[in-house]
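Data block for upload_2.txt (compact mmCIF, C-alpha atoms):
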```
# COMPACT_ATOMS: atom_id res chain seq x y z
CA MET A 25 -63.99 -8.21 13.99
CA THR A 26 -62.49 -10.80 11.78
CA GLN A 27 -64.09 -11.61 8.52
CA PRO A 28 -64.93 -15.21 7.78
CA GLY A 29 -62.42 -16.82 5.41
CA TYR A 30 -59.81 -14.05 5.79
CA LYS A 31 -56.30 -15.32 6.49
CA PRO A 32 -53.76 -12.53 6.89
CA TYR A 33 -50.73 -14.87 6.79
CA ALA A 34 -51.64 -17.20 3.96
CA SER A 35 -48.44 -18.76 2.59
CA ASN A 36 -49.74 -20.13 -0.69
CA VAL A 37 -51.03 -16.84 -2.07
CA GLN A 38 -48.87 -14.99 -4.63
CA THR A 39 -49.10 -11.29 -4.91
CA THR A 40 -50.22 -9.78 -8.18
CA PRO A 41 -46.97 -7.81 -8.96
CA GLN A 42 -44.87 -11.02 -8.94
CA VAL A 43 -47.21 -12.75 -11.37
CA GLN A 44 -47.22 -9.75 -13.66
CA SER A 45 -43.42 -9.58 -13.55
CA LYS A 46 -43.07 -13.20 -14.67
CA ASN A 47 -45.56 -12.65 -17.46
CA ASN A 48 -43.72 -9.49 -18.56
CA ASN A 49 -40.38 -11.35 -18.66
CA ASN A 50 -41.88 -14.13 -20.78
CA LEU A 51 -43.41 -11.60 -23.14
CA LEU A 52 -40.14 -9.71 -23.37
CA TRP A 53 -38.13 -12.77 -24.37
CA ARG A 54 -40.80 -13.86 -26.80
CA GLY A 55 -40.78 -10.41 -28.37
CA ILE A 56 -36.97 -10.39 -28.64
CA LEU A 57 -36.89 -13.79 -30.32
CA ILE A 58 -39.72 -12.97 -32.71
CA GLY A 59 -38.13 -9.62 -33.57
CA ALA A 60 -34.74 -11.22 -34.21
CA ALA A 61 -36.29 -13.88 -36.44
CA ILE A 62 -38.27 -11.33 -38.44
CA GLY A 63 -35.24 -9.04 -38.73
CA GLY A 64 -33.00 -11.89 -39.86
CA LEU A 65 -35.50 -13.08 -42.47
CA THR A 66 -36.03 -9.55 -43.73
CA ALA A 67 -32.28 -9.04 -44.08
CA LEU A 68 -31.99 -12.27 -46.09
CA ILE A 69 -34.41 -10.95 -48.71
CA ASP A 70 -31.49 -9.02 -50.25
CA LYS A 71 -29.33 -11.30 -52.45
CA SER A 72 -26.00 -9.65 -51.50
CA THR A 73 -26.79 -10.02 -47.79
CA ARG A 74 -27.59 -13.71 -48.27
CA GLN A 75 -24.30 -14.18 -50.14
CA ASN A 76 -22.35 -12.31 -47.43
CA VAL A 77 -23.95 -14.41 -44.64
CA GLN A 78 -23.18 -17.60 -46.56
CA ASN A 79 -19.51 -16.65 -47.17
CA ARG A 80 -18.99 -15.58 -43.57
CA SER A 81 -20.54 -18.82 -42.28
CA VAL A 82 -18.18 -20.87 -44.46
CA GLN A 83 -15.17 -18.87 -43.19
CA ILE A 84 -16.15 -19.38 -39.56
CA LYS A 85 -16.71 -23.12 -40.15
CA ASP A 86 -13.28 -23.45 -41.82
CA GLN A 87 -11.50 -21.54 -39.06
CA THR A 88 -13.16 -23.63 -36.37
CA THR A 89 -12.35 -26.88 -38.19
CA ASN A 90 -8.69 -25.85 -38.61
CA ALA A 91 -8.42 -24.93 -34.94
CA PHE A 92 -9.86 -28.27 -33.83
CA ARG A 93 -7.61 -30.15 -36.26
CA THR A 94 -4.52 -28.31 -34.94
CA VAL A 95 -5.40 -29.07 -31.32
CA LYS A 96 -6.22 -32.69 -32.17
CA ASP A 97 -2.98 -33.26 -34.13
CA ASP A 98 -0.56 -31.58 -31.73
CA PRO A 99 -1.95 -30.11 -28.50
CA THR A 100 1.58 -29.04 -27.42
CA ILE A 101 1.50 -26.28 -30.04
CA ILE A 102 -1.41 -24.65 -28.25
CA MET A 103 0.22 -25.22 -24.86
CA ASN A 104 3.50 -23.70 -26.06
CA THR A 105 1.68 -20.74 -27.57
CA ILE A 106 -0.20 -20.18 -24.32
CA ARG A 107 3.03 -20.49 -22.27
CA HIS A 108 4.85 -18.08 -24.56
CA THR A 109 2.00 -15.59 -24.32
CA MET A 110 1.90 -15.92 -20.53
CA ASP A 111 5.69 -15.49 -20.23
CA THR A 112 5.69 -12.46 -22.51
CA THR A 113 2.78 -10.94 -20.63
CA SER A 114 4.42 -11.65 -17.27
CA LYS A 115 7.70 -10.02 -18.36
CA ALA A 116 5.87 -7.00 -19.70
CA LEU A 117 3.89 -6.64 -16.47
CA ASN A 118 7.08 -6.92 -14.38
CA GLU A 119 8.77 -4.24 -16.49
CA LEU A 120 5.70 -2.05 -16.16
CA ALA A 121 5.67 -2.56 -12.38
CA ASN A 122 9.37 -1.60 -12.18
CA GLU A 123 8.78 1.51 -14.28
CA VAL A 124 5.83 2.48 -12.10
CA ARG A 125 8.00 2.05 -8.99
CA ASP A 126 10.70 4.24 -10.58
CA VAL A 127 8.15 6.92 -11.43
CA ILE A 128 6.74 6.83 -7.89
CA ARG A 129 10.27 7.10 -6.48
CA LYS A 130 11.00 10.09 -8.74
CA VAL A 131 7.73 11.76 -7.77
CA ASP A 132 8.61 11.28 -4.10
CA ASP A 133 12.07 12.77 -4.73
CA VAL A 134 10.57 15.76 -6.54
CA ASN A 135 8.07 16.19 -3.74
CA GLN A 136 10.85 16.13 -1.14
CA HIS A 137 13.02 18.53 -3.14
CA SER A 138 10.11 20.89 -3.64
CA LYS A 139 9.46 20.89 0.12
CA GLU A 140 13.14 21.62 0.76
CA THR A 141 13.15 24.35 -1.89
CA TYR A 142 10.03 25.87 -0.38
CA SER A 143 11.67 25.86 3.06
CA SER A 144 14.80 27.49 1.61
CA PHE A 145 12.75 30.17 -0.11
CA LYS A 146 10.85 30.76 3.11
CA GLU A 147 14.12 31.18 5.04
CA VAL A 148 15.50 33.54 2.40
CA GLY A 149 12.25 35.50 2.54
CA ASN A 150 12.53 35.81 6.32
CA GLU A 151 16.16 36.94 6.02
CA LEU A 152 15.17 39.51 3.40
CA LYS A 153 12.49 40.80 5.77
CA ASP A 154 15.10 41.14 8.52
CA VAL A 155 17.49 42.96 6.17
CA SER A 156 14.75 45.28 4.97
CA LEU A 157 13.71 46.06 8.56
CA THR A 158 17.35 46.82 9.41
CA ALA A 159 17.61 49.07 6.35
CA VAL A 160 14.42 50.88 7.33
CA GLU A 161 15.72 51.42 10.87
CA ALA A 162 19.03 52.68 9.54
CA GLY A 163 17.18 55.05 7.23
CA LYS A 164 15.16 56.38 10.15
CA GLU A 165 18.33 56.92 12.18
CA LEU A 166 19.89 58.82 9.30
CA THR A 167 16.88 61.04 8.93
CA ASP A 168 16.87 61.60 12.71
CA ILE A 169 20.55 62.61 12.60
CA ASN A 170 20.00 64.98 9.71
CA GLN A 171 17.12 66.64 11.51
CA LYS A 172 19.07 67.34 14.75
CA PRO A 173 20.82 70.73 15.02
CA THR A 174 24.55 70.37 14.50
CA ASN A 175 27.03 71.65 17.12
CA THR A 176 29.52 74.07 15.69
CA LEU A 177 33.05 73.34 16.70
CA ASN A 178 34.90 76.09 18.51
CA THR A 179 38.10 76.57 16.59
CA THR A 180 39.81 78.99 18.90
CA SER A 181 43.46 78.53 19.62
CA GLU A 182 42.96 77.21 23.10
CA ASN A 183 41.00 74.20 21.82
CA LEU A 184 43.53 73.27 19.18
CA TYR A 185 46.22 70.80 20.08
CA THR A 186 49.73 71.86 19.33
CA PRO A 187 52.55 69.51 20.10
CA THR A 188 55.24 70.88 22.37
CA THR A 189 57.96 68.60 21.25
CA ASN A 190 59.56 68.19 17.91
CA LEU A 191 58.87 64.79 16.52
CA ASN A 192 62.14 64.68 14.62
CA THR A 193 64.31 64.90 17.75
CA PRO A 194 64.59 62.09 20.26
CA PRO A 195 63.17 62.69 23.75
CA LYS A 196 65.43 63.69 26.58
CA ILE A 197 65.93 61.31 29.36
```
Any chance you could give the structure as structure tokens?
Amino acid sequence: MTQPGYKPYASNVQTTPQVQSKNNNNLLWRGILIGAAIGGLTALIDKSTRQNVQNRSVQIKDQTTNAFRTVKDDPTIIMNTIRHTMDTTSKALNELANEVRDVIRKVDDVNQHSKETYSSFKEVGNELKDVSLTAVEAGKELTDINQKPTNTLNTTSENLYTPTTNLNTPPKI
């Protein structure tokens, strides 16, 4: 069931979206250029804008000419300026790297100290728990003792100890 003249794998046929994309890009750039030209011409209608554009163009031309003249006359000035800038930047970056290392070291120290402090607080908390449990147990024992009936001591003469010897006289041998 093939149709005459139908080639499913034709290599020289472009698809329609690609052609439209190229046309759209061309139209886009054309529109940008035309819009910029119209905008620039419209802006130049104002006399002060024209004067400002002219002055700025002269300044840019003079700066560029001076830069080229400086490089042409003595290129070592530019090289020295670039070297100085690179050296200054390198030193600043090294100092910054050292400061960052110091800050990281201090953060690590604080982190370690905070872990140690946390451990110490945890140990103190455990000791306080032990002390409080001991105090609670002691309190229970005291209440148990207070609740028991007390034995009355028999204070009759036979239970009292009376020494038979005088402590002031030496013993007989």
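What separates atom CA of A:Asn150 from atom CA of A:His137 is a distance of 19.7 Å.
Atom pair atom CA of A:Ala67 / atom CA of A:Trp53: separated by 20.9 Å.
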* To do: May I ask for the distance between atom CA of A:Gly59 and atom CA of A:Arg80, given in Å to one decimal place?
  =>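 Atom-to-atom, atom CA of A:Gly59 to atom CA of A:Arg80, that is 22.4 Å.
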* Taking into account all atoms listed in the file, which residue in the set A:Arg125, A:Lys96, A:Asn49, A:Val77 is nearest to A:Leu65? ->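 Comparing A:Arg125, A:Lys96, A:Asn49, A:Val77 against A:Leu65, the winner is A:Val77.
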How would stretch 81-92 of chain A read, as a PDB file, in the coordinates of the input, once all heavy atoms are built in?
```pdb
ATOM      1  N   SER A  81     -20.296 -17.552 -42.975  1.00  0.00           N
ATOM      2  CA  SER A  81     -20.540 -18.820 -42.280  1.00  0.00           C
ATOM      3  C   SER A  81     -19.517 -19.865 -42.685  1.00  0.00           C
ATOM      4  O   SER A  81     -19.016 -20.621 -41.846  1.00  0.00           O
ATOM      5  CB  SER A  81     -21.948 -19.328 -42.587  1.00  0.00           C
ATOM      6  OG  SER A  81     -22.911 -18.435 -42.131  1.00  0.00           O
ATOM      7  N   VAL A  82     -19.185 -19.921 -43.976  1.00  0.00           N
ATOM      8  CA  VAL A  82     -18.180 -20.870 -44.460  1.00  0.00           C
ATOM      9  C   VAL A  82     -16.816 -20.552 -43.852  1.00  0.00           C
ATOM     10  O   VAL A  82     -16.079 -21.455 -43.425  1.00  0.00           O
ATOM     11  CB  VAL A  82     -18.143 -20.880 -46.004  1.00  0.00           C
ATOM     12  CG1 VAL A  82     -16.946 -21.665 -46.528  1.00  0.00           C
ATOM     13  CG2 VAL A  82     -19.437 -21.449 -46.561  1.00  0.00           C
ATOM     14  N   GLN A  83     -16.458 -19.271 -43.777  1.00  0.00           N
ATOM     15  CA  GLN A  83     -15.170 -18.870 -43.190  1.00  0.00           C
ATOM     16  C   GLN A  83     -15.091 -19.274 -41.711  1.00  0.00           C
ATOM     17  O   GLN A  83     -14.078 -19.812 -41.265  1.00  0.00           O
ATOM     18  CB  GLN A  83     -14.980 -17.354 -43.305  1.00  0.00           C
ATOM     19  CG  GLN A  83     -14.638 -16.871 -44.680  1.00  0.00           C
ATOM     20  CD  GLN A  83     -14.547 -15.341 -44.713  1.00  0.00           C
ATOM     21  OE1 GLN A  83     -14.923 -14.649 -43.770  1.00  0.00           O
ATOM     22  NE2 GLN A  83     -14.037 -14.822 -45.830  1.00  0.00           N
ATOM     23  N   ILE A  84     -16.142 -19.033 -40.979  1.00  0.00           N
ATOM     24  CA  ILE A  84     -16.150 -19.380 -39.560  1.00  0.00           C
ATOM     25  C   ILE A  84     -16.042 -20.887 -39.386  1.00  0.00           C
ATOM     26  O   ILE A  84     -15.304 -21.381 -38.532  1.00  0.00           O
ATOM     27  CB  ILE A  84     -17.419 -18.822 -38.867  1.00  0.00           C
ATOM     28  CG1 ILE A  84     -17.343 -17.299 -38.794  1.00  0.00           C
ATOM     29  CG2 ILE A  84     -17.595 -19.405 -37.476  1.00  0.00           C
ATOM     30  CD1 ILE A  84     -18.611 -16.630 -38.302  1.00  0.00           C
ATOM     31  N   LYS A  85     -16.765 -21.659 -40.226  1.00  0.00           N
ATOM     32  CA  LYS A  85     -16.710 -23.120 -40.150  1.00  0.00           C
ATOM     33  C   LYS A  85     -15.288 -23.610 -40.446  1.00  0.00           C
ATOM     34  O   LYS A  85     -14.754 -24.472 -39.737  1.00  0.00           O
ATOM     35  CB  LYS A  85     -17.686 -23.742 -41.139  1.00  0.00           C
ATOM     36  CG  LYS A  85     -17.702 -25.269 -41.114  1.00  0.00           C
ATOM     37  CD  LYS A  85     -18.513 -25.830 -42.247  1.00  0.00           C
ATOM     38  CE  LYS A  85     -17.700 -25.745 -43.475  1.00  0.00           C
ATOM     39  NZ  LYS A  85     -17.394 -26.811 -44.291  1.00  0.00           N
ATOM     40  N   ASP A  86     -14.642 -23.031 -41.465  1.00  0.00           N
ATOM     41  CA  ASP A  86     -13.280 -23.450 -41.820  1.00  0.00           C
ATOM     42  C   ASP A  86     -12.292 -23.113 -40.713  1.00  0.00           C
ATOM     43  O   ASP A  86     -11.427 -23.932 -40.373  1.00  0.00           O
ATOM     44  CB  ASP A  86     -12.843 -22.796 -43.133  1.00  0.00           C
ATOM     45  CG  ASP A  86     -13.601 -23.325 -44.340  1.00  0.00           C
ATOM     46  OD1 ASP A  86     -14.220 -24.411 -44.215  1.00  0.00           O
ATOM     47  OD2 ASP A  86     -13.564 -22.648 -45.389  1.00  0.00           O
ATOM     48  N   GLN A  87     -12.405 -21.927 -40.143  1.00  0.00           N
ATOM     49  CA  GLN A  87     -11.500 -21.540 -39.060  1.00  0.00           C
ATOM     50  C   GLN A  87     -11.665 -22.449 -37.853  1.00  0.00           C
ATOM     51  O   GLN A  87     -10.684 -22.869 -37.237  1.00  0.00           O
ATOM     52  CB  GLN A  87     -11.736 -20.074 -38.662  1.00  0.00           C
ATOM     53  CG  GLN A  87     -11.279 -19.078 -39.694  1.00  0.00           C
ATOM     54  CD  GLN A  87     -11.699 -17.653 -39.341  1.00  0.00           C
ATOM     55  OE1 GLN A  87     -12.491 -17.431 -38.441  1.00  0.00           O
ATOM     56  NE2 GLN A  87     -11.139 -16.697 -40.070  1.00  0.00           N
ATOM     57  N   THR A  88     -12.892 -22.758 -37.511  1.00  0.00           N
ATOM     58  CA  THR A  88     -13.160 -23.630 -36.370  1.00  0.00           C
ATOM     59  C   THR A  88     -12.626 -25.032 -36.631  1.00  0.00           C
ATOM     60  O   THR A  88     -11.989 -25.636 -35.753  1.00  0.00           O
ATOM     61  CB  THR A  88     -14.677 -23.686 -36.088  1.00  0.00           C
ATOM     62  OG1 THR A  88     -15.163 -22.362 -35.931  1.00  0.00           O
ATOM     63  CG2 THR A  88     -14.981 -24.481 -34.842  1.00  0.00           C
ATOM     64  N   THR A  89     -12.834 -25.548 -37.840  1.00  0.00           N
ATOM     65  CA  THR A  89     -12.350 -26.880 -38.190  1.00  0.00           C
ATOM     66  C   THR A  89     -10.824 -26.929 -38.131  1.00  0.00           C
ATOM     67  O   THR A  89     -10.242 -27.885 -37.593  1.00  0.00           O
ATOM     68  CB  THR A  89     -12.828 -27.266 -39.609  1.00  0.00           C
ATOM     69  OG1 THR A  89     -14.248 -27.176 -39.657  1.00  0.00           O
ATOM     70  CG2 THR A  89     -12.409 -28.674 -39.973  1.00  0.00           C
ATOM     71  N   ASN A  90     -10.160 -25.904 -38.655  1.00  0.00           N
ATOM     72  CA  ASN A  90      -8.690 -25.850 -38.610  1.00  0.00           C
ATOM     73  C   ASN A  90      -8.170 -25.787 -37.178  1.00  0.00           C
ATOM     74  O   ASN A  90      -7.179 -26.442 -36.839  1.00  0.00           O
ATOM     75  CB  ASN A  90      -8.163 -24.662 -39.416  1.00  0.00           C
ATOM     76  CG  ASN A  90      -8.324 -24.854 -40.904  1.00  0.00           C
ATOM     77  OD1 ASN A  90      -8.450 -25.981 -41.390  1.00  0.00           O
ATOM     78  ND2 ASN A  90      -8.331 -23.755 -41.643  1.00  0.00           N
ATOM     79  N   ALA A  91      -8.847 -25.036 -36.342  1.00  0.00           N
ATOM     80  CA  ALA A  91      -8.420 -24.930 -34.940  1.00  0.00           C
ATOM     81  C   ALA A  91      -8.556 -26.279 -34.246  1.00  0.00           C
ATOM     82  O   ALA A  91      -7.641 -26.713 -33.532  1.00  0.00           O
ATOM     83  CB  ALA A  91      -9.221 -23.858 -34.218  1.00  0.00           C
ATOM     84  N   PHE A  92      -9.678 -26.948 -34.442  1.00  0.00           N
ATOM     85  CA  PHE A  92      -9.860 -28.270 -33.830  1.00  0.00           C
ATOM     86  C   PHE A  92      -8.850 -29.272 -34.357  1.00  0.00           C
ATOM     87  O   PHE A  92      -8.312 -30.083 -33.612  1.00  0.00           O
ATOM     88  CB  PHE A  92     -11.288 -28.785 -34.058  1.00  0.00           C
ATOM     89  CG  PHE A  92     -12.297 -28.181 -33.130  1.00  0.00           C
ATOM     90  CD1 PHE A  92     -13.428 -27.560 -33.632  1.00  0.00           C
ATOM     91  CD2 PHE A  92     -12.134 -28.225 -31.752  1.00  0.00           C
ATOM     92  CE1 PHE A  92     -14.363 -27.001 -32.781  1.00  0.00           C
ATOM     93  CE2 PHE A  92     -13.067 -27.677 -30.899  1.00  0.00           C
ATOM     94  CZ  PHE A  92     -14.193 -27.062 -31.411  1.00  0.00           C
TER      95      PHE A  92
END
```
